[in-house]
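Engineer: My questions will all concern the structure given below.
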Amino acid sequence: MGLHTDATRAEPLRAGSDAATAPAGGLLGWWYSASSASRRALVAASLGWALDAFDVMLFSLVLASVIAELGLTKAQAGALGSVTLLGGAAGGLIFGHIADRFGRTRAMIASVLLYSVFTAACGLSQTLWQFAIFRALLGLGMGGEWASGAALVSETWPAAHRGRALGFMQSAWAIGFAAAALVVGVVMPRWGWRAVFFVGILPALFTLWVRRNVDEPDVWKARRASSATSATATPAHRFTDIFRGHMLRLTAALTFMNACALFGWWALNGWIPAYLSLPQAQGGLALGTANMSWFIVAMQVGMWLGYVSFGYITDVVPRKRVYVTYLVAASVLLPIYGSIKIPVALLLLGPLVAFFGTGFFSGFGAVTAEVYPTTIRATAQGFTYNLGRIASAAAPFTIGKLATSNGFSFAFSVAGAVYLLGALAWTFIPETRGRELT
């Protein structure tokens, strides 16, 4: 099955076919026009992504305390963040294949269980190496959840509403991040950073609901049934198909763009909590854990609005134009944030930085879903997202080193320049808004 390059020639998406194919009235018209199966799939993917954020971002929020108790340098602490991203890259590749072969919901359940168990295990770490092993295994689940969840939502929502649905899913990350900040603000002052990680086991309970209430997408089930019963079925796609012909340029451009975007994202979100809470002697602002938590919660408001607005905007405005606008704005705002030392100014600027520095991720799932066919969609999404994550794994370590040698202002300026490179990569990525899935 080849890739359609013209939306008018693409085969219509059958999953969730009782949903409207044109935008309904009102801000939530798209939600009420969808089938109940589509809505459950979106809720499942969104909760999985929110809980993923909750578990993964606990580390950044307690990083200053971990550095102090375990006697780590900024470079070592950054390396722990990089190890998590490398694990996430591997998880995306592995679970993308699992999702294509065994089902989107099965892959999601396995990934949530994985990151829940090893988040709790981080609370038992006594050495740098123990921490690194648990963070790498946690990363496997983190990467796997996005690959399976993005495919699940893409295949259960029609083109008219796909941007909004994936924007809603992506916005759940901000909710999970904010919840993590609140938990840290309550739990850590009373019981320490280890207890914070123990709370991370709770998302495992979510898998019980997914198992009972979320079905596989019709388009995936149809493809599997066709492959299993028809002697003349289309030959199975192979992983290498995403590199064949003109697909090679698309895969390379999407991967590079995502690597740059993720580098900037992890530079921003991986180190800002530490920047706000580290002592002034170490280049931080010494705001304390409680104040830092509220600064992060304020940023998550901006992040959530960025995610949701991106989905709405790109259902009516070309995705490429909006994506580039967000990336360029982030490249300007992040260096400004790193140069300001006035807490009130940072509190006000933080939501704006998070809005542009993260909101564009709502579009990545839609773009990749509309580029690749069903047989390799989750595999391709997992590859382009998570190979980019491998490259971006340098961000926590690099920013830590640069912050040590040149200060946080310079480090965040470098991250802003990488955002700009991501915007330039869109020269090689086509516009896909409105394209039906094949």
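Quick note on naming: the chains in the structure tokens go A, B, ... in the order shown, residues restart at 1 in each chain, and ligands are numbered from 1 in order of appearance.
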Using only C-alpha atoms, find each residue in segment 349-370 of chain A having at least one atom no more than 9 Å away from segment 328-334 of chain A; report its shortest atom-to-atom pair and that distance in Å (one decimal), rows by chain then rising number, as CSV.

Structural biologist:
residue,atom,partner,partner_atom,distance
A:Leu349,CA,A:Leu333,CA,8.6
A:Leu352,CA,A:Leu333,CA,8.1
A:Val353,CA,A:Leu333,CA,5.8
A:Ala354,CA,A:Ala330,CA,8.2
A:Phe355,CA,A:Ala330,CA,8.5
A:Phe356,CA,A:Ala330,CA,5.2
A:Gly357,CA,A:Ala330,CA,4.7
A:Thr358,CA,A:Ala330,CA,8.4

Engineer: Using only C-alpha atoms, tabulate the residues of segment 71-116 of chain A lying at most 9 Å from any atom of segment 35-58 of chain A, each with its closest atom pair and that distance in Å to one decimal, by chain and increasing residue number, as a Markdown table.

Structural biologist:
| residue | atom | partner | partner_atom | distance |
| --- | --- | --- | --- | --- |
| A:Thr84 | CA | A:Val56 | CA | 8.4 |
| A:Thr105 | CA | A:Ala41 | CA | 8.8 |
| A:Met108 | CA | A:Gly48 | CA | 7.6 |
| A:Ile109 | CA | A:Gly48 | CA | 8.7 |
| A:Val112 | CA | A:Gly48 | CA | 6.8 |
| A:Tyr115 | CA | A:Asp55 | CA | 7.3 |
| A:Ser116 | CA | A:Asp55 | CA | 7.0 |

Engineer: Kindly export the residues of the current selection with N, CA and C atoms, as a PDB file, in the first residue's frame.

Structural biologist:
ATOM      1  N   THR A  84      17.358   8.549  30.691  1.00  0.00           N
ATOM      2  CA  THR A  84      15.902   8.387  30.587  1.00  0.00           C
ATOM      3  C   THR A  84      15.445   8.563  29.153  1.00  0.00           C
ATOM      4  N   THR A 105      -3.846  -0.871  22.241  1.00  0.00           N
ATOM      5  CA  THR A 105      -4.170  -0.864  23.670  1.00  0.00           C
ATOM      6  C   THR A 105      -3.271  -1.802  24.464  1.00  0.00           C
ATOM      7  N   MET A 108      -0.082  -0.040  25.035  1.00  0.00           N
ATOM      8  CA  MET A 108      -0.244   1.030  26.014  1.00  0.00           C
ATOM      9  C   MET A 108      -0.240   0.474  27.435  1.00  0.00           C
ATOM     10  N   ILE A 109      -0.964  -0.594  27.660  1.00  0.00           N
ATOM     11  CA  ILE A 109      -1.030  -1.201  28.994  1.00  0.00           C
ATOM     12  C   ILE A 109       0.363  -1.619  29.464  1.00  0.00           C
ATOM     13  N   VAL A 112       2.565   1.521  30.347  1.00  0.00           N
ATOM     14  CA  VAL A 112       2.180   2.180  31.601  1.00  0.00           C
ATOM     15  C   VAL A 112       2.660   1.386  32.804  1.00  0.00           C
ATOM     16  N   TYR A 115       6.566   1.977  33.200  1.00  0.00           N
ATOM     17  CA  TYR A 115       7.059   3.230  33.790  1.00  0.00           C
ATOM     18  C   TYR A 115       6.570   3.418  35.221  1.00  0.00           C
ATOM     19  N   SER A 116       5.436   2.827  35.585  1.00  0.00           N
ATOM     20  CA  SER A 116       4.958   2.948  36.964  1.00  0.00           C
ATOM     21  C   SER A 116       5.867   2.208  37.941  1.00  0.00           C
TER      22      SER A 116
END

Engineer: Restricting the calculation to only C-alpha atoms: of A:Trp209, A:Pro430, A:Pro273, A:Ile296, which residue gets closest to Pro318 of chain A?

Structural biologist: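 Of A:Trp209, A:Pro430, A:Pro273, A:Ile296, the one nearest Pro318 of chain A is A:Pro430, counting only C-alpha atoms.
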
Engineer: Out of A:Leu421, A:Val297, A:Ile133, A:Ala204, which residue has the shortest atom-to-atom distance to Ala121 of chain A when counting only C-alpha atoms?

Structural biologist: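 Among A:Leu421, A:Val297, A:Ile133, A:Ala204, it is A:Ile133 that comes nearest to Ala121 of chain A.
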
Engineer: Just to confirm, what's the straight-line distance from atom CA of Arg244 of chain A to atom CA of Tyr385 of chain A in Å (one decimal)?

Structural biologist: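 So the two atoms, atom CA of Arg244 of chain A and atom CA of Tyr385 of chain A, lie 18.4 Å apart.
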
Engineer: Can you list, as a list in words, every protein, DNA or RNA residue that comes within 9 Å of segment 189-201 of chain A when you count only C-alpha atoms, leaving out same-chain residues fewer than 5 positions away?

Structural biologist: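 Near neighbours after the sequence-gap exclusion: Leu51, Phe54, Asp55, Val56, Leu58, Phe59, Val62, Leu63, Ser65, Val66, Leu113, Tyr115, Ser116, Val117, Phe118, Thr119, Ala120, Ala121, Cys122, Gly123, Leu124, Ser125, Ala180, Val183, Val184, Thr289 and Ala290 of chain A.
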
Engineer: Let me see the file: selected residues, N, CA and C atoms, as a PDB file, in the first residue's frame.

Structural biologist:
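This went into part.pdb:
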ATOM      1  N   LEU A  51      -0.212  10.563  32.973  1.00  0.00           N
ATOM      2  CA  LEU A  51       0.458   9.780  34.005  1.00  0.00           C
ATOM      3  C   LEU A  51       1.917   9.544  33.646  1.00  0.00           C
ATOM      4  N   PHE A  54       3.536  12.672  34.698  1.00  0.00           N
ATOM      5  CA  PHE A  54       3.600  12.682  36.156  1.00  0.00           C
ATOM      6  C   PHE A  54       4.816  11.911  36.649  1.00  0.00           C
ATOM      7  N   ASP A  55       5.003  10.709  36.138  1.00  0.00           N
ATOM      8  CA  ASP A  55       6.117   9.878  36.592  1.00  0.00           C
ATOM      9  C   ASP A  55       7.469  10.402  36.116  1.00  0.00           C
ATOM     10  N   VAL A  56       7.546  10.756  34.833  1.00  0.00           N
ATOM     11  CA  VAL A  56       8.840  11.153  34.264  1.00  0.00           C
ATOM     12  C   VAL A  56       9.348  12.463  34.863  1.00  0.00           C
ATOM     13  N   LEU A  58       8.775  13.858  37.753  1.00  0.00           N
ATOM     14  CA  LEU A  58       9.118  13.880  39.182  1.00  0.00           C
ATOM     15  C   LEU A  58      10.619  14.075  39.381  1.00  0.00           C
ATOM     16  N   PHE A  59      11.411  13.488  38.499  1.00  0.00           N
ATOM     17  CA  PHE A  59      12.869  13.577  38.629  1.00  0.00           C
ATOM     18  C   PHE A  59      13.354  15.011  38.525  1.00  0.00           C
ATOM     19  N   VAL A  62      12.594  17.055  41.700  1.00  0.00           N
ATOM     20  CA  VAL A  62      13.346  16.768  42.929  1.00  0.00           C
ATOM     21  C   VAL A  62      14.846  16.781  42.673  1.00  0.00           C
ATOM     22  N   LEU A  63      15.249  17.225  41.481  1.00  0.00           N
ATOM     23  CA  LEU A  63      16.646  17.118  41.070  1.00  0.00           C
ATOM     24  C   LEU A  63      17.597  17.817  42.034  1.00  0.00           C
ATOM     25  N   SER A  65      17.362  18.246  45.211  1.00  0.00           N
ATOM     26  CA  SER A  65      17.522  17.438  46.421  1.00  0.00           C
ATOM     27  C   SER A  65      18.335  16.177  46.147  1.00  0.00           C
ATOM     28  N   VAL A  66      18.125  15.572  44.981  1.00  0.00           N
ATOM     29  CA  VAL A  66      18.896  14.379  44.611  1.00  0.00           C
ATOM     30  C   VAL A  66      20.373  14.737  44.476  1.00  0.00           C
ATOM     31  N   LEU A 113       2.500   0.075  32.766  1.00  0.00           N
ATOM     32  CA  LEU A 113       2.983  -0.775  33.856  1.00  0.00           C
ATOM     33  C   LEU A 113       4.493  -0.617  34.034  1.00  0.00           C
ATOM     34  N   TYR A 115       6.566   1.977  33.200  1.00  0.00           N
ATOM     35  CA  TYR A 115       7.059   3.230  33.790  1.00  0.00           C
ATOM     36  C   TYR A 115       6.570   3.418  35.221  1.00  0.00           C
ATOM     37  N   SER A 116       5.436   2.827  35.585  1.00  0.00           N
ATOM     38  CA  SER A 116       4.958   2.948  36.964  1.00  0.00           C
ATOM     39  C   SER A 116       5.867   2.208  37.941  1.00  0.00           C
ATOM     40  N   VAL A 117       6.196   0.971  37.599  1.00  0.00           N
ATOM     41  CA  VAL A 117       7.014   0.142  38.493  1.00  0.00           C
ATOM     42  C   VAL A 117       8.398   0.746  38.691  1.00  0.00           C
ATOM     43  N   PHE A 118       9.009   1.217  37.613  1.00  0.00           N
ATOM     44  CA  PHE A 118      10.388   1.685  37.754  1.00  0.00           C
ATOM     45  C   PHE A 118      10.484   3.129  38.234  1.00  0.00           C
ATOM     46  N   THR A 119       9.392   3.879  38.179  1.00  0.00           N
ATOM     47  CA  THR A 119       9.374   5.170  38.880  1.00  0.00           C
ATOM     48  C   THR A 119       9.466   4.926  40.380  1.00  0.00           C
ATOM     49  N   ALA A 120       8.655   3.991  40.876  1.00  0.00           N
ATOM     50  CA  ALA A 120       8.709   3.662  42.307  1.00  0.00           C
ATOM     51  C   ALA A 120      10.091   3.142  42.693  1.00  0.00           C
ATOM     52  N   ALA A 121      10.699   2.366  41.821  1.00  0.00           N
ATOM     53  CA  ALA A 121      12.022   1.810  42.108  1.00  0.00           C
ATOM     54  C   ALA A 121      13.080   2.910  42.267  1.00  0.00           C
ATOM     55  N   CYS A 122      12.890   4.055  41.585  1.00  0.00           N
ATOM     56  CA  CYS A 122      13.854   5.161  41.725  1.00  0.00           C
ATOM     57  C   CYS A 122      13.969   5.617  43.177  1.00  0.00           C
ATOM     58  N   GLY A 123      12.891   5.474  43.944  1.00  0.00           N
ATOM     59  CA  GLY A 123      12.926   5.871  45.344  1.00  0.00           C
ATOM     60  C   GLY A 123      13.811   4.986  46.201  1.00  0.00           C
ATOM     61  N   LEU A 124      14.225   3.837  45.673  1.00  0.00           N
ATOM     62  CA  LEU A 124      15.101   2.914  46.399  1.00  0.00           C
ATOM     63  C   LEU A 124      16.571   3.106  46.047  1.00  0.00           C
ATOM     64  N   SER A 125      16.864   3.990  45.090  1.00  0.00           N
ATOM     65  CA  SER A 125      18.236   4.156  44.605  1.00  0.00           C
ATOM     66  C   SER A 125      19.168   4.679  45.689  1.00  0.00           C
ATOM     67  N   ALA A 180       2.405  16.516  39.163  1.00  0.00           N
ATOM     68  CA  ALA A 180       3.681  16.117  39.770  1.00  0.00           C
ATOM     69  C   ALA A 180       4.247  17.247  40.627  1.00  0.00           C
ATOM     70  N   VAL A 183       2.314  17.371  43.873  1.00  0.00           N
ATOM     71  CA  VAL A 183       2.680  16.255  44.751  1.00  0.00           C
ATOM     72  C   VAL A 183       4.033  16.506  45.403  1.00  0.00           C
ATOM     73  N   VAL A 184       4.984  17.001  44.612  1.00  0.00           N
ATOM     74  CA  VAL A 184       6.310  17.302  45.166  1.00  0.00           C
ATOM     75  C   VAL A 184       6.201  18.368  46.247  1.00  0.00           C
ATOM     76  N   THR A 289      11.725  24.710  47.432  1.00  0.00           N
ATOM     77  CA  THR A 289      10.882  23.696  46.789  1.00  0.00           C
ATOM     78  C   THR A 289       9.439  24.150  46.630  1.00  0.00           C
ATOM     79  N   ALA A 290       8.849  24.714  47.679  1.00  0.00           N
ATOM     80  CA  ALA A 290       7.443  25.105  47.625  1.00  0.00           C
ATOM     81  C   ALA A 290       7.200  26.188  46.566  1.00  0.00           C
TER      82      ALA A 290
END

Engineer: Report, in Å with one decimal, the straight-line distance from atom CA of Gly144 of chain A to atom CA of His97 of chain A.

Structural biologist: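 According to the coordinates, atom CA of Gly144 of chain A and atom CA of His97 of chain A are separated by 9.7 Å.
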
Engineer: Pick out the closest residue to Ile390 of chain A from this set: A:Phe256, A:Gly71, A:Met247, A:Leu205. Count only C-alpha atoms.

Structural biologist: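 Nearest to Ile390 of chain A: A:Phe256.
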
Engineer: Just list as a ChimeraX atom specification whatever in segment 162-360 of chain A DSSP marks as helix (DSSP H, G or I).

Structural biologist: /A:162-191,193-199,202-213,218-229,239-243,247-277,280-282,289-314,319-339,343-360

Engineer: What's the separation between atom CA of Ser405 of chain A and atom CA of Lys341 of chain A, in Å to one decimal place?

Structural biologist: 18.2 Å

Engineer: As number ranges by chain, please: the residues near segment 276-283 of chain A (cut-off 9 Å, only C-alpha atoms, same-chain neighbours under 6 positions excluded).

Structural biologist: A: 64-65, 289, 291-292, 295, 343, 403-404, 407-408

Engineer: Could you name the residues that touch Arg389 of chain A at 6 Å or less, counting only C-alpha atoms, but leaving out those on the same chain fewer than 3 positions away, as a ChimeraX atom specification?

Structural biologist: /A:89,259,386,392-393

Engineer: Would you output that residue set with N, CA and C atoms, as a compact mmCIF listing (two decimals), in the first residue's frame?

Structural biologist:
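Saved file out15.txt follows:
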# COMPACT_ATOMS: atom_id res chain seq x y z
N ALA A 89 13.70 6.45 23.84
CA ALA A 89 13.88 6.19 22.41
C ALA A 89 13.77 4.71 22.11
N ALA A 259 14.09 15.97 16.71
CA ALA A 259 15.28 15.96 17.57
C ALA A 259 15.57 17.37 18.08
N ASN A 386 11.21 8.87 18.43
CA ASN A 386 12.18 8.38 19.41
C ASN A 386 13.61 8.37 18.92
N SER A 392 18.14 14.07 21.13
CA SER A 392 17.85 15.07 22.16
C SER A 392 18.31 14.63 23.54
N ALA A 393 18.68 13.35 23.67
CA ALA A 393 19.16 12.87 24.97
C ALA A 393 20.41 13.63 25.42

Engineer: Ranking A:Ile313, A:Arg319, A:Gly270, A:Ala174 by minimum distance to Met299 of chain A and counting only C-alpha atoms, which one comes first?

Structural biologist: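 Going through A:Ile313, A:Arg319, A:Gly270, A:Ala174 one by one, the smallest distance to Met299 of chain A is for A:Ala174.
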
Engineer: Find, counting only C-alpha atoms, the residue in A:Ser171, A:Gln381, A:Ser226, A:Ser60 that gets nearest to Arg135 of chain A.

Structural biologist: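 Selected residue with least distance to Arg135 of chain A: A:Ser60.
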
Engineer: Select, from A:Phe263, A:Phe383, A:Tyr419, A:Phe361, the residue with the minimum atom-to-atom distance to Met303 of chain A, counting only C-alpha atoms.

Structural biologist: A:Phe361
